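The structure file data.cif is reproduced below (mmCIF, C-alpha atoms).
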data_target
loop_
_atom_site.group_PDB
_atom_site.id
_atom_site.type_symbol
_atom_site.label_atom_id
_atom_site.label_comp_id
_atom_site.auth_asym_id
_atom_site.auth_seq_id
_atom_site.Cartn_x
_atom_site.Cartn_y
_atom_site.Cartn_z
ATOM 1 C CA MET A 1 -30.810 -14.048 41.099
ATOM 2 C CA VAL A 2 -27.933 -12.120 39.542
ATOM 3 C CA THR A 3 -27.767 -8.802 37.801
ATOM 4 C CA GLN A 4 -25.424 -6.688 35.732
ATOM 5 C CA LEU A 5 -22.821 -4.461 37.315
ATOM 6 C CA PRO A 6 -24.357 -1.215 38.558
ATOM 7 C CA THR A 7 -23.260 1.779 36.505
ATOM 8 C CA PRO A 8 -24.013 5.487 36.636
ATOM 9 C CA GLY A 9 -27.024 6.445 34.573
ATOM 10 C CA GLY A 10 -27.550 2.869 33.387
ATOM 11 C CA GLU A 11 -24.610 3.048 30.971
ATOM 12 C CA PRO A 12 -23.409 -0.363 29.781
ATOM 13 C CA PRO A 13 -20.725 -1.702 32.135
ATOM 14 C CA VAL A 14 -17.127 -1.993 31.006
ATOM 15 C CA VAL A 15 -14.491 -4.029 32.832
ATOM 16 C CA THR A 16 -10.943 -3.670 31.582
ATOM 17 C CA ASN A 17 -8.009 -5.930 32.420
ATOM 18 C CA GLY A 18 -4.576 -6.150 30.878
ATOM 19 C CA PRO A 19 -3.311 -9.452 29.514
ATOM 20 C CA LEU A 20 -2.856 -12.037 32.205
ATOM 21 C CA GLY A 21 0.436 -13.785 32.707
ATOM 22 C CA GLY A 22 0.637 -17.525 32.603
ATOM 23 C CA ASP A 23 -0.089 -19.444 35.772
ATOM 24 C CA LEU A 24 2.012 -22.427 34.830
ATOM 25 C CA TRP A 25 5.589 -22.395 33.626
ATOM 26 C CA ILE A 26 8.056 -25.009 32.487
ATOM 27 C CA SER A 27 11.677 -24.514 33.395
ATOM 28 C CA LYS A 28 14.098 -24.945 30.509
ATOM 29 C CA ASP A 29 16.210 -26.996 32.931
ATOM 30 C CA SER A 30 13.419 -29.481 33.648
ATOM 31 C CA ASP A 31 14.013 -33.133 32.874
ATOM 32 C CA TYR A 32 10.336 -33.374 31.886
ATOM 33 C CA VAL A 33 9.793 -30.560 29.377
ATOM 34 C CA GLU A 34 7.861 -32.725 26.908
ATOM 35 C CA GLU A 35 5.681 -34.310 29.583
ATOM 36 C CA ALA A 36 4.968 -30.977 31.246
ATOM 37 C CA SER A 37 4.157 -29.404 27.873
ATOM 38 C CA ARG A 38 1.614 -32.135 27.128
ATOM 39 C CA LEU A 39 0.073 -31.701 30.583
ATOM 40 C CA ILE A 40 -0.277 -27.927 30.190
ATOM 41 C CA GLN A 41 -1.754 -28.387 26.707
ATOM 42 C CA LEU A 42 -4.592 -30.373 28.293
ATOM 43 C CA PHE A 43 -5.782 -27.132 29.922
ATOM 44 C CA THR A 44 -6.426 -25.667 26.471
ATOM 45 C CA THR A 45 -8.636 -28.448 25.165
ATOM 46 C CA LYS A 46 -12.311 -27.912 24.482
ATOM 47 C CA GLU A 47 -13.170 -30.746 26.889
ATOM 48 C CA PHE A 48 -11.240 -29.103 29.730
ATOM 49 C CA GLN A 49 -12.817 -25.701 29.060
ATOM 50 C CA ILE A 50 -16.322 -27.236 29.090
ATOM 51 C CA GLY A 51 -15.489 -29.125 32.281
ATOM 52 C CA GLN A 52 -14.252 -25.954 33.921
ATOM 53 C CA ALA A 53 -17.531 -24.232 33.046
ATOM 54 C CA GLU A 54 -19.545 -27.161 34.412
ATOM 55 C CA ALA A 55 -17.574 -27.033 37.658
ATOM 56 C CA VAL A 56 -18.652 -23.376 37.919
ATOM 57 C CA ASP A 57 -15.153 -22.748 39.238
ATOM 58 C CA ALA A 58 -14.420 -19.780 36.984
ATOM 59 C CA GLY A 59 -15.147 -18.799 33.449
ATOM 60 C CA PRO A 60 -12.794 -20.675 31.143
ATOM 61 C CA ALA A 61 -10.312 -18.802 28.954
ATOM 62 C CA ASN A 62 -12.515 -19.645 25.980
ATOM 63 C CA LEU A 63 -15.921 -18.377 27.082
ATOM 64 C CA ALA A 64 -17.532 -19.915 23.982
ATOM 65 C CA ALA A 65 -17.160 -23.278 25.744
ATOM 66 C CA VAL A 66 -19.661 -22.177 28.397
ATOM 67 C CA ALA A 67 -22.562 -22.272 25.923
ATOM 68 C CA GLU A 68 -21.715 -25.896 25.078
ATOM 69 C CA SER A 69 -21.512 -26.918 28.725
ATOM 70 C CA ASN A 70 -24.150 -28.196 31.119
ATOM 71 C CA ALA A 71 -23.326 -25.371 33.542
ATOM 72 C CA HIS A 72 -26.107 -23.772 35.537
ATOM 73 C CA PRO A 73 -28.093 -21.212 33.490
ATOM 74 C CA THR A 74 -27.198 -18.431 35.937
ATOM 75 C CA PHE A 75 -23.489 -19.104 35.426
ATOM 76 C CA LYS A 76 -24.015 -19.118 31.670
ATOM 77 C CA GLN A 77 -25.785 -15.734 31.903
ATOM 78 C CA CYS A 78 -22.956 -14.262 33.965
ATOM 79 C CA CYS A 79 -20.395 -15.477 31.429
ATOM 80 C CA ARG A 80 -22.412 -13.963 28.547
ATOM 81 C CA TRP A 81 -22.487 -10.638 30.396
ATOM 82 C CA TYR A 82 -18.781 -10.819 31.106
ATOM 83 C CA GLU A 83 -18.054 -11.610 27.473
ATOM 84 C CA SER A 84 -20.099 -8.590 26.394
ATOM 85 C CA PHE A 85 -18.510 -6.004 28.723
ATOM 86 C CA SER A 86 -14.980 -7.303 29.318
ATOM 87 C CA LYS A 87 -12.277 -5.520 27.351
ATOM 88 C CA LEU A 88 -8.550 -6.045 26.979
ATOM 89 C CA GLY A 89 -6.796 -3.109 28.578
ATOM 90 C CA PRO A 90 -3.295 -1.738 28.282
ATOM 91 C CA SER A 91 -0.473 -3.177 30.338
ATOM 92 C CA ALA A 92 2.643 -1.275 31.336
ATOM 93 C CA VAL A 93 4.464 -4.587 31.934
ATOM 94 C CA VAL A 94 3.653 -5.897 28.457
ATOM 95 C CA ARG A 95 4.904 -2.690 26.877
ATOM 96 C CA ASN A 96 8.004 -2.518 29.095
ATOM 97 C CA PRO A 97 8.977 -5.635 31.077
ATOM 98 C CA GLU A 98 11.192 -3.500 33.366
ATOM 99 C CA VAL A 99 7.950 -2.179 34.905
ATOM 100 C CA ALA A 100 7.609 -5.556 36.676
ATOM 101 C CA ARG A 101 10.741 -4.737 38.707
ATOM 102 C CA VAL A 102 9.207 -1.423 39.771
ATOM 103 C CA ASN A 103 5.869 -3.059 40.615
ATOM 104 C CA ALA A 104 7.686 -5.606 42.794
ATOM 105 C CA LYS A 105 9.243 -2.770 44.821
ATOM 106 C CA MET A 106 6.010 -0.782 45.272
ATOM 107 C CA LYS A 107 4.594 -0.648 48.774
ATOM 108 C CA ALA A 108 0.866 -1.321 49.102
ATOM 109 C CA VAL A 109 -1.191 1.782 49.822
ATOM 110 C CA LYS A 110 -3.892 1.513 52.482
ATOM 111 C CA PRO A 111 -6.771 1.986 52.392
ATOM 112 C CA ASP A 112 -6.930 0.600 48.868
ATOM 113 C CA LEU A 113 -9.703 1.150 46.339
ATOM 114 C CA GLY A 114 -11.713 -1.843 47.571
ATOM 115 C CA ALA A 115 -11.669 -0.594 51.158
ATOM 116 C CA ILE A 116 -12.702 2.898 50.064
ATOM 117 C CA VAL A 117 -15.619 1.575 47.998
ATOM 118 C CA GLN A 118 -16.674 -0.706 50.853
ATOM 119 C CA GLY A 119 -16.480 2.251 53.225
ATOM 120 C CA ALA A 120 -18.581 4.363 50.870
ATOM 121 C CA PHE A 121 -21.359 1.762 50.906
ATOM 122 C CA SER A 122 -21.143 1.090 54.643
ATOM 123 C CA GLY A 123 -21.054 4.780 55.539
ATOM 124 C CA ASP A 124 -17.579 4.542 57.110
ATOM 125 C CA VAL A 125 -16.133 6.824 54.399
ATOM 126 C CA ALA A 126 -17.954 10.134 54.333
ATOM 127 C CA ASP A 127 -15.855 12.008 51.756
ATOM 128 C CA VAL A 128 -15.181 9.505 48.967
ATOM 129 C CA ARG A 129 -13.605 12.094 46.652
ATOM 130 C CA ALA A 130 -11.087 13.095 49.337
ATOM 131 C CA GLU A 131 -10.204 9.465 50.065
ATOM 132 C CA LEU A 132 -9.730 8.725 46.356
ATOM 133 C CA THR A 133 -7.507 11.793 46.007
ATOM 134 C CA LYS A 134 -5.397 10.624 48.973
ATOM 135 C CA LEU A 135 -5.169 7.147 47.418
ATOM 136 C CA SER A 136 -4.095 8.582 44.065
ATOM 137 C CA ASP A 137 -1.447 10.811 45.659
ATOM 138 C CA ALA A 138 -0.105 8.039 47.900
ATOM 139 C CA SER A 139 -0.023 5.586 44.970
ATOM 140 C CA GLU A 140 1.952 8.061 42.878
ATOM 141 C CA LYS A 141 4.450 8.562 45.721
ATOM 142 C CA ALA A 142 4.783 4.792 46.173
ATOM 143 C CA ARG A 143 5.445 4.381 42.441
ATOM 144 C CA GLU A 144 8.020 7.199 42.439
ATOM 145 C CA ALA A 145 9.821 5.587 45.403
ATOM 146 C CA ALA A 146 9.822 2.208 43.645
ATOM 147 C CA ILE A 147 11.197 3.764 40.453
ATOM 148 C CA LYS A 148 14.062 5.296 42.473
ATOM 149 C CA ALA A 149 14.652 1.988 44.282
ATOM 150 C CA THR A 150 15.123 0.201 40.947
ATOM 151 C CA GLY A 151 17.570 2.732 39.560
ATOM 152 C CA ASP A 152 15.271 5.006 37.551
ATOM 153 C CA SER A 153 15.323 2.656 34.532
ATOM 154 C CA VAL A 154 11.577 3.213 34.086
ATOM 155 C CA ALA A 155 9.888 6.599 33.719
ATOM 156 C CA ALA A 156 6.497 7.427 35.230
ATOM 157 C CA ASP A 157 5.002 7.724 31.739
ATOM 158 C CA ALA A 158 5.424 3.935 31.361
ATOM 159 C CA TRP A 159 1.937 3.715 32.910
ATOM 160 C CA ALA A 160 0.421 6.296 30.543
ATOM 161 C CA PHE A 161 -1.655 5.141 27.579
ATOM 162 C CA PRO A 162 -2.982 8.234 25.808
ATOM 163 C CA ASP A 163 -4.064 6.121 22.805
ATOM 164 C CA TRP A 164 -6.346 3.895 24.918
ATOM 165 C CA ARG A 165 -10.082 4.357 24.437
ATOM 166 C CA HIS A 166 -12.394 3.361 27.283
ATOM 167 C CA GLY A 167 -14.808 0.605 26.243
ATOM 168 C CA GLU A 168 -12.585 -0.766 23.476
ATOM 169 C CA ASP A 169 -10.003 -3.536 23.445
ATOM 170 C CA TYR A 170 -6.531 -2.031 23.637
ATOM 171 C CA VAL A 171 -4.325 -2.688 20.653
ATOM 172 C CA ALA A 172 -0.833 -1.214 20.846
ATOM 173 C CA GLY A 173 -0.201 1.141 17.954
#
Represent the structure of the file as structure tokens.
Amino acid sequence: MVTQLPTPGGEPPVVTNGPLGGDLWISKDSDYVEEASRLIQLFTTKEFQIGQAEAVDAGPANLAAVAESNAHPTFKQCCRWYESFSKLGPSAVVRNPEVARVNAKMKAVKPDLGAIVQGAFSGDVADVRAELTKLSDASEKAREAAIKATGDSVAADAWAFPDWRHGEDYVAG
């Protein structure tokens, strides 16, 4: 049995992710650009997307293909839920590619959000608010250090999106 994501007060869940980068790239210096292009194009076909759904490996990029597949009904339900509550979020890297250089220099902060949430459920984290505040402060310091390490070419407001509305797809204005 599966269920929706738990939310406070039974509000509809919302999961937001920025645009994903490509997993496969073709070098302009390759001797096989045409062949590689044809191979990568195969991943976008309807047949491939349906096959990916039937393998129950992950939801395909085109979730409409799941309904046409012979995937398990539970997987189909999960994909319908995901399609209903998944939203395109803002991305600092899309807006300013220099942000990627800063992100590459950032040191990971521990414990991270996942560890704090796990600790909240296991009882290992007693004061969740305090831990989240520490995480936020440490993350901000790590970002500031990374900005300095890359020559201050990116300002901290590169990660700010005041025009973004929770629960809606982000469209840059």
* To do: Name all residues at most 12 Å from Gly59 (chain A) (count all atoms listed in the file; drop same-chain ones fewer than 2 positions away) and give them as a ChimeraX atom specification.
  => /A:48-57,61-67,69,71,75-83
* Residues selected by the PyMOL selection byres ((chain A and resi 13) around 12), written as number ranges by chain -> A: 3-12, 14-16, 81-87, 166-168
* **Between CA of Asn17 (chain A) and CA of Leu113 (chain A), distance in Å (one decimal)** => 15.7 Å
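Using all atoms listed in the file, the smallest distance between any of A:Ile147, A:Val2, A:Ala160, A:Leu42 and Val99 (chain A) comes from A:Ile147.
Atom pair CA of Ala149 (chain A) / CA of Lys110 (chain A) has a distance of 20.3 Å (rounded to one decimal).
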* Work out how far CA of Asp23 (chain A) is from CA of Glu140 (chain A), in Å to one decimal. =>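 Value for the CA of Glu140 (chain A)-CA of Asp23 (chain A) distance: 28.5 Å.
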* To do: Name every residue that the PyMOL selection byres ((chain A and resi 91) around 9) selects in this structure, writing the answer as an MDAnalysis selection string with chains first and numbers rising.
  => chainID A and resid 17:19 89:90 92:96 159 161
For the residues in that selection, give me C-alpha atoms as a tab-separated table (two decimals), in the coordinates of the input.
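Output saved as part14.tsv:
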chain	number	residue	atom	x	y	z
A	17	ASN	CA	-8.01	-5.93	32.42
A	18	GLY	CA	-4.58	-6.15	30.88
A	19	PRO	CA	-3.31	-9.45	29.51
A	89	GLY	CA	-6.80	-3.11	28.58
A	90	PRO	CA	-3.30	-1.74	28.28
A	92	ALA	CA	2.64	-1.27	31.34
A	93	VAL	CA	4.46	-4.59	31.93
A	94	VAL	CA	3.65	-5.90	28.46
A	95	ARG	CA	4.90	-2.69	26.88
A	96	ASN	CA	8.00	-2.52	29.10
A	159	TRP	CA	1.94	3.72	32.91
A	161	PHE	CA	-1.66	5.14	27.58
* To do: Could you state which residues are captured by the PyMOL selection byres ((chain A and resi 116) around 12) in this file, as a ChimeraX atom specification?
  => /A:109-115,117-136
* Selected residue, from A:Ala146, A:Leu88, A:Leu24, A:Met106, that lies nearest to Ile40 (chain A) when counting all atoms listed in the file -> A:Leu24
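Shortest atom-to-atom contact with Glu47 (chain A) among A:Ala155, A:Glu144, A:Asp31, A:Glu68: A:Glu68, counting only C-alpha atoms.
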* To do: Could you check which of A:Ser27, A:Asp152, A:Asn103, A:Val171 is closest to Ser139 (chain A), using all atoms listed in the file?
  => A:Asn103
Given 8 Å of margin on each side, can you work out the centre and size in Å (one decimal) of an axis-aligned box holding every listed atom of region 33-47 of chain A, as lines of an AutoDock Vina configuration file?
center_x = -1.7
center_y = -30.0
center_z = 27.9
size_x = 39.0
size_y = 24.6
size_z = 22.8
